[in-house]
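The file query.txt contains compact mmCIF, C-alpha atoms:
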```txt
# COMPACT_ATOMS: atom_id res chain seq x y z
CA MET A 1 85.99 84.39 139.98
CA THR A 2 86.24 87.94 141.30
CA ARG A 3 89.49 89.90 141.38
CA THR A 4 91.12 91.29 144.47
CA VAL A 5 91.65 95.03 144.14
CA PHE A 6 93.31 97.15 146.77
CA GLU A 7 93.19 100.67 145.35
CA LYS A 8 90.85 102.67 143.16
CA THR A 9 93.80 103.34 140.85
CA ASP A 10 93.93 99.58 140.15
CA VAL A 11 90.30 99.61 139.02
CA VAL A 12 90.31 102.60 136.65
CA PRO A 13 92.41 100.99 133.85
CA LEU A 14 90.29 97.83 133.96
CA ILE A 15 87.05 99.73 133.56
CA ALA A 16 88.58 102.05 130.96
CA GLU A 17 89.18 99.09 128.67
CA VAL A 18 85.52 98.08 128.95
CA PHE A 19 84.40 101.61 128.01
CA ARG A 20 86.99 101.66 125.23
CA GLU A 21 85.63 98.40 123.78
CA LEU A 22 81.90 98.92 124.32
CA GLY A 23 81.44 102.68 124.62
CA TYR A 24 79.62 104.34 127.49
CA GLU A 25 76.15 103.18 126.54
CA GLY A 26 77.28 99.61 125.81
CA ALA A 27 79.13 99.23 129.11
CA SER A 28 76.37 98.01 131.41
CA MET A 29 77.23 97.18 135.01
CA SER A 30 76.84 93.47 134.24
CA LYS A 31 79.27 93.75 131.32
CA ILE A 32 81.71 95.74 133.43
CA THR A 33 81.66 93.10 136.17
CA ALA A 34 81.98 90.25 133.66
CA ARG A 35 84.88 91.78 131.74
CA THR A 36 86.83 93.08 134.73
CA GLY A 37 86.20 90.23 137.14
CA LEU A 38 85.15 92.76 139.77
CA SER A 39 82.01 92.33 141.85
CA LYS A 40 79.26 94.95 141.76
CA GLY A 41 79.96 95.58 145.43
CA SER A 42 83.59 96.43 144.66
CA LEU A 43 82.57 98.71 141.82
CA TYR A 44 80.06 100.59 143.95
CA TYR A 45 82.55 100.79 146.82
CA PHE A 46 85.00 102.64 144.57
CA PHE A 47 82.34 104.44 142.51
CA PRO A 48 79.20 105.12 144.58
CA GLY A 49 77.92 107.28 141.70
CA GLY A 50 77.86 104.26 139.42
CA LYS A 51 78.76 104.23 135.76
CA GLU A 52 78.73 108.01 135.37
CA GLU A 53 81.28 108.40 138.18
CA MET A 54 83.39 105.64 136.60
CA ALA A 55 83.43 107.47 133.27
CA ALA A 56 84.30 110.77 134.95
CA GLU A 57 87.20 109.13 136.82
CA ILE A 58 88.44 107.49 133.64
CA LEU A 59 88.34 110.79 131.75
CA ALA A 60 90.27 112.44 134.60
CA HIS A 61 92.81 109.60 134.50
CA VAL A 62 93.26 109.98 130.73
CA ASP A 63 93.54 113.75 131.07
CA ALA A 64 96.21 113.47 133.78
CA TRP A 65 98.27 111.16 131.56
CA PHE A 66 98.01 113.53 128.60
CA VAL A 67 98.87 116.54 130.76
CA SER A 68 102.13 114.98 131.96
CA LYS A 69 103.14 113.16 128.76
CA VAL A 70 101.85 115.43 125.99
CA PHE A 71 100.42 118.82 126.98
CA GLU A 72 103.06 120.07 129.44
CA PRO A 73 106.02 118.95 127.28
CA LEU A 74 104.48 120.71 124.26
CA GLU A 75 103.93 123.83 126.36
CA GLN A 76 107.27 123.90 128.21
CA HIS A 77 109.99 121.99 126.38
CA ASP A 78 111.96 122.42 123.18
CA PRO A 79 109.18 122.42 120.57
CA GLN A 80 110.77 120.07 118.03
CA GLN A 81 111.71 117.53 120.68
CA ALA A 82 108.30 117.84 122.38
CA ILE A 83 106.44 117.28 119.08
CA SER A 84 108.54 114.22 118.33
CA GLU A 85 107.96 112.87 121.83
CA MET A 86 104.24 113.60 121.52
CA TRP A 87 104.01 111.22 118.55
CA GLN A 88 105.97 108.54 120.41
CA GLU A 89 103.87 108.86 123.57
CA VAL A 90 100.59 108.83 121.65
CA GLU A 91 101.69 105.78 119.66
CA THR A 92 102.62 104.00 122.88
CA TYR A 93 99.37 105.05 124.57
CA PHE A 94 97.25 103.72 121.75
CA ASN A 95 99.40 100.57 121.43
CA SER A 96 100.35 101.33 117.83
CA GLY A 97 96.75 101.72 116.71
CA LYS A 98 95.27 98.79 118.61
CA ARG A 99 93.29 100.98 121.04
CA ILE A 100 90.82 103.70 120.21
CA CYS A 101 90.85 107.14 121.79
CA LEU A 102 88.45 106.85 124.71
CA VAL A 103 87.85 110.60 124.87
CA GLY A 104 87.21 110.61 121.12
CA ALA A 105 84.82 107.67 121.46
CA PHE A 106 82.91 109.51 124.19
CA ALA A 107 82.83 112.61 121.97
CA LEU A 108 81.25 110.67 119.11
CA ASP A 109 78.42 108.89 120.90
CA GLU A 110 75.47 109.93 123.06
CA THR A 111 77.89 110.46 125.95
CA ARG A 112 79.26 113.67 124.44
CA ASP A 113 76.57 115.83 126.04
CA ARG A 114 77.12 114.30 129.47
CA PHE A 115 80.88 114.97 129.44
CA ASP A 116 80.96 117.86 126.96
CA ALA A 117 83.05 120.30 129.03
CA VAL A 118 85.74 117.73 129.84
CA ILE A 119 85.93 116.47 126.26
CA CYS A 120 86.11 119.97 124.77
CA GLN A 121 88.78 121.05 127.25
CA TYR A 122 90.92 117.97 126.47
CA PHE A 123 90.92 118.52 122.70
CA LYS A 124 91.28 122.30 122.98
CA ARG A 125 94.32 122.03 125.24
CA TRP A 126 95.98 119.50 122.95
CA ILE A 127 95.35 121.62 119.84
CA ASP A 128 96.50 124.81 121.60
CA ALA A 129 99.64 123.16 123.02
CA LEU A 130 100.62 121.68 119.67
CA CYS A 131 99.89 124.95 117.88
CA ALA A 132 102.05 126.92 120.32
CA ALA A 133 104.91 124.43 119.95
CA LEU A 134 104.71 124.66 116.15
CA VAL A 135 104.77 128.47 116.34
CA ARG A 136 107.82 128.36 118.65
CA ALA A 137 109.44 126.04 116.10
CA GLY A 138 108.96 128.66 113.37
CA THR A 139 105.63 127.77 111.77
CA THR A 140 103.21 130.62 111.09
CA ARG A 141 100.28 130.80 113.50
CA GLU A 142 97.78 130.23 110.68
CA THR A 143 99.54 127.10 109.43
CA ALA A 144 100.17 125.86 112.97
CA ALA A 145 96.46 126.17 113.80
CA ILE A 146 95.45 124.18 110.73
CA VAL A 147 98.09 121.49 111.24
CA SER A 148 97.27 121.18 114.95
CA GLU A 149 93.56 120.67 114.35
CA GLU A 150 94.21 118.12 111.62
CA ALA A 151 96.81 116.22 113.67
CA VAL A 152 94.72 116.03 116.83
CA GLY A 153 91.55 115.27 114.91
CA GLY A 154 93.34 112.43 113.13
```

This entry written out as structure tokens:
Amino acid sequence: MTRTVFEKTDVVPLIAEVFRELGYEGASMSKITARTGLSKGSLYYFFPGGKEEMAAEILAHVDAWFVSKVFEPLEQHDPQQAISEMWQEVETYFNSGKRICLVGAFALDETRDRFDAVICQYFKRWIDALCAALVRAGTTRETAAIVSEEAVGG
């Protein structure tokens, strides 16, 4: 039975979970339709560019969430509070370790070349924002850079 979807924003999280579970290459259109309950017609209505457009939209959706919940607070708020909130938000986002990092998964498979600029920008901004917050909190720049890369990479 197909699902009724009214907005593109309703579709993105459904498809994101398929990519999260199967990766970009493993997420065929037939698997996306089967796992989301959406018809191919609905998918192509929202994403005329097919699977590549879906992945790009999902990456933009993930990036927007991280900008508002992680990057901007690290860049603009009290550093100690922002770092603490970063860990809470990331834990919530990944459901306490039950979900993998979709951007990380894309970075580790054949997809990385297709979405290289977006993936690199995402990780660079997170590392830079965390590093700057650590420096504002009193950590040396050298230590903050090392800790930031290790934390985000982990």

Find the residue from A:Arg20, A:Lys124, A:Lys8, A:Lys31 that sits nearest to Gly153 in chain A; use only C-alpha atoms when measuring.
->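 Nearest candidate to Gly153 in chain A out of A:Arg20, A:Lys124, A:Lys8, A:Lys31: A:Lys124.
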
Closest of A:Gly26, A:Gly41, A:Pro73, A:Pro48 to Ala129 in chain A - atom-to-atom distances counting all atoms listed in the file = A:Pro73

Using only C-alpha atoms, find the one residue out of A:Thr111, A:Ser28, A:Thr92, A:Gln81 that sits nearest to Leu59 in chain A.
->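 Among the listed residues, A:Thr111 lies closest to Leu59 in chain A.
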
Tell me, as a PyMOL selection string, which residues lie within 9 Å of Gln80 in chain A, counting all atoms listed in the file; anything in the same chain fewer than 4 positions away does not count.
-> chain A and resi 74+84-85+133-134+136-137

If you count all atoms listed in the file, which residues fall within 10 Å of Arg125 in chain A, apart from same-chain ones fewer than 6 positions away, as a list in words?
->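 So, after excluding close chain neighbours, the residues are Phe66, Val67, Phe71, Glu72, Glu75 and Cys131 of chain A.
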
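The residue set within 10 Å of Tyr44 in chain A, counting only C-alpha atoms and dropping same-chain residues fewer than 6 places from it, reads A:Met29, A:Gly50, A:Lys51, A:Glu53, A:Met54.
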
Counting all atoms listed in the file, which of A:Phe47, A:Lys69, A:Glu17, A:Ala144 gets nearest to Glu89 in chain A?
->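 That would be A:Lys69, the residue with the smallest distance to Glu89 in chain A.
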
Using all atoms listed in the file, can you list as a PyMOL selection string the residues within 12 Å of (98.5, 121.8, 113.8)?
-> chain A and resi 83+124+126-135+137+139-154

Kindly export the residues of the current selection with C-alpha atoms, as a PDB file, in the coordinates of the input.
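New file out11.pdb:
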```pdb
ATOM      1  CA  ILE A  83     106.440 117.280 119.080  1.00  0.00           C
ATOM      2  CA  LYS A 124      91.280 122.300 122.980  1.00  0.00           C
ATOM      3  CA  TRP A 126      95.980 119.500 122.950  1.00  0.00           C
ATOM      4  CA  ILE A 127      95.350 121.620 119.840  1.00  0.00           C
ATOM      5  CA  ASP A 128      96.500 124.810 121.600  1.00  0.00           C
ATOM      6  CA  ALA A 129      99.640 123.160 123.020  1.00  0.00           C
ATOM      7  CA  LEU A 130     100.620 121.680 119.670  1.00  0.00           C
ATOM      8  CA  CYS A 131      99.890 124.950 117.880  1.00  0.00           C
ATOM      9  CA  ALA A 132     102.050 126.920 120.320  1.00  0.00           C
ATOM     10  CA  ALA A 133     104.910 124.430 119.950  1.00  0.00           C
ATOM     11  CA  LEU A 134     104.710 124.660 116.150  1.00  0.00           C
ATOM     12  CA  VAL A 135     104.770 128.470 116.340  1.00  0.00           C
ATOM     13  CA  ALA A 137     109.440 126.040 116.100  1.00  0.00           C
ATOM     14  CA  THR A 139     105.630 127.770 111.770  1.00  0.00           C
ATOM     15  CA  THR A 140     103.210 130.620 111.090  1.00  0.00           C
ATOM     16  CA  ARG A 141     100.280 130.800 113.500  1.00  0.00           C
ATOM     17  CA  GLU A 142      97.780 130.230 110.680  1.00  0.00           C
ATOM     18  CA  THR A 143      99.540 127.100 109.430  1.00  0.00           C
ATOM     19  CA  ALA A 144     100.170 125.860 112.970  1.00  0.00           C
ATOM     20  CA  ALA A 145      96.460 126.170 113.800  1.00  0.00           C
ATOM     21  CA  ILE A 146      95.450 124.180 110.730  1.00  0.00           C
ATOM     22  CA  VAL A 147      98.090 121.490 111.240  1.00  0.00           C
ATOM     23  CA  SER A 148      97.270 121.180 114.950  1.00  0.00           C
ATOM     24  CA  GLU A 149      93.560 120.670 114.350  1.00  0.00           C
ATOM     25  CA  GLU A 150      94.210 118.120 111.620  1.00  0.00           C
ATOM     26  CA  ALA A 151      96.810 116.220 113.670  1.00  0.00           C
ATOM     27  CA  VAL A 152      94.720 116.030 116.830  1.00  0.00           C
ATOM     28  CA  GLY A 153      91.550 115.270 114.910  1.00  0.00           C
ATOM     29  CA  GLY A 154      93.340 112.430 113.130  1.00  0.00           C
TER      30      GLY A 154
END
```

For Leu108 in chain A, which residue out of A:Gly23, A:Gly49, A:Pro79, A:Gly37 is the nearest one, using all atoms listed in the file?
->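 Selected residue with least distance to Leu108 in chain A: A:Gly23.
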
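Taking CA of Gln76 in chain A as the reference point, CA of Leu102 in chain A is found at 25.6 Å.
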
Report, as JSON, the centre and edge lengths in Å (one decimal) of the axis-aligned box enclosing every listed atom of range 18-34 of chain A, padded by 4 Å on each side.
```
{"center_x": 81.6, "center_y": 97.3, "center_z": 130.0, "size_x": 18.8, "size_y": 22.1, "size_z": 20.4}
```

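Take CA of Tyr122 in chain A and CA of Arg35 in chain A: the distance between them is 27.4 Å.
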
Considering all atoms listed in the file, return as an MDAnalysis selection string whatever protein or nucleic-acid residues lie within 12 Å of Val62 in chain A, sequence-local ones (same chain, fewer than 6 positions apart) excluded.
-> chainID A and resid 12:13 16:17 20 55:56 68:71 90 93:94 101:104 118:119 122:123

Selected residues written out with C-alpha atoms, as a short mmCIF file (atom, residue, chain, number, x, y, z; two decimals), in the coordinates of the input:
```cif
data_model
loop_
_atom_site.label_atom_id
_atom_site.label_comp_id
_atom_site.auth_asym_id
_atom_site.auth_seq_id
_atom_site.Cartn_x
_atom_site.Cartn_y
_atom_site.Cartn_z
CA VAL A 12 90.31 102.60 136.65
CA PRO A 13 92.41 100.99 133.85
CA ALA A 16 88.58 102.05 130.96
CA GLU A 17 89.18 99.09 128.67
CA ARG A 20 86.99 101.66 125.23
CA ALA A 55 83.43 107.47 133.27
CA ALA A 56 84.30 110.77 134.95
CA SER A 68 102.13 114.98 131.96
CA LYS A 69 103.14 113.16 128.76
CA VAL A 70 101.85 115.43 125.99
CA PHE A 71 100.42 118.82 126.98
CA VAL A 90 100.59 108.83 121.65
CA TYR A 93 99.37 105.05 124.57
CA PHE A 94 97.25 103.72 121.75
CA CYS A 101 90.85 107.14 121.79
CA LEU A 102 88.45 106.85 124.71
CA VAL A 103 87.85 110.60 124.87
CA GLY A 104 87.21 110.61 121.12
CA VAL A 118 85.74 117.73 129.84
CA ILE A 119 85.93 116.47 126.26
CA TYR A 122 90.92 117.97 126.47
CA PHE A 123 90.92 118.52 122.70
#
```

Show which residues sit within 9 Å of Ala107 in chain A, as a VMD selection string. Count all atoms listed in the file, and ignore same-chain residues fewer than 6 positions away.
-> chain A and resid 113 115 to 116 119 to 120
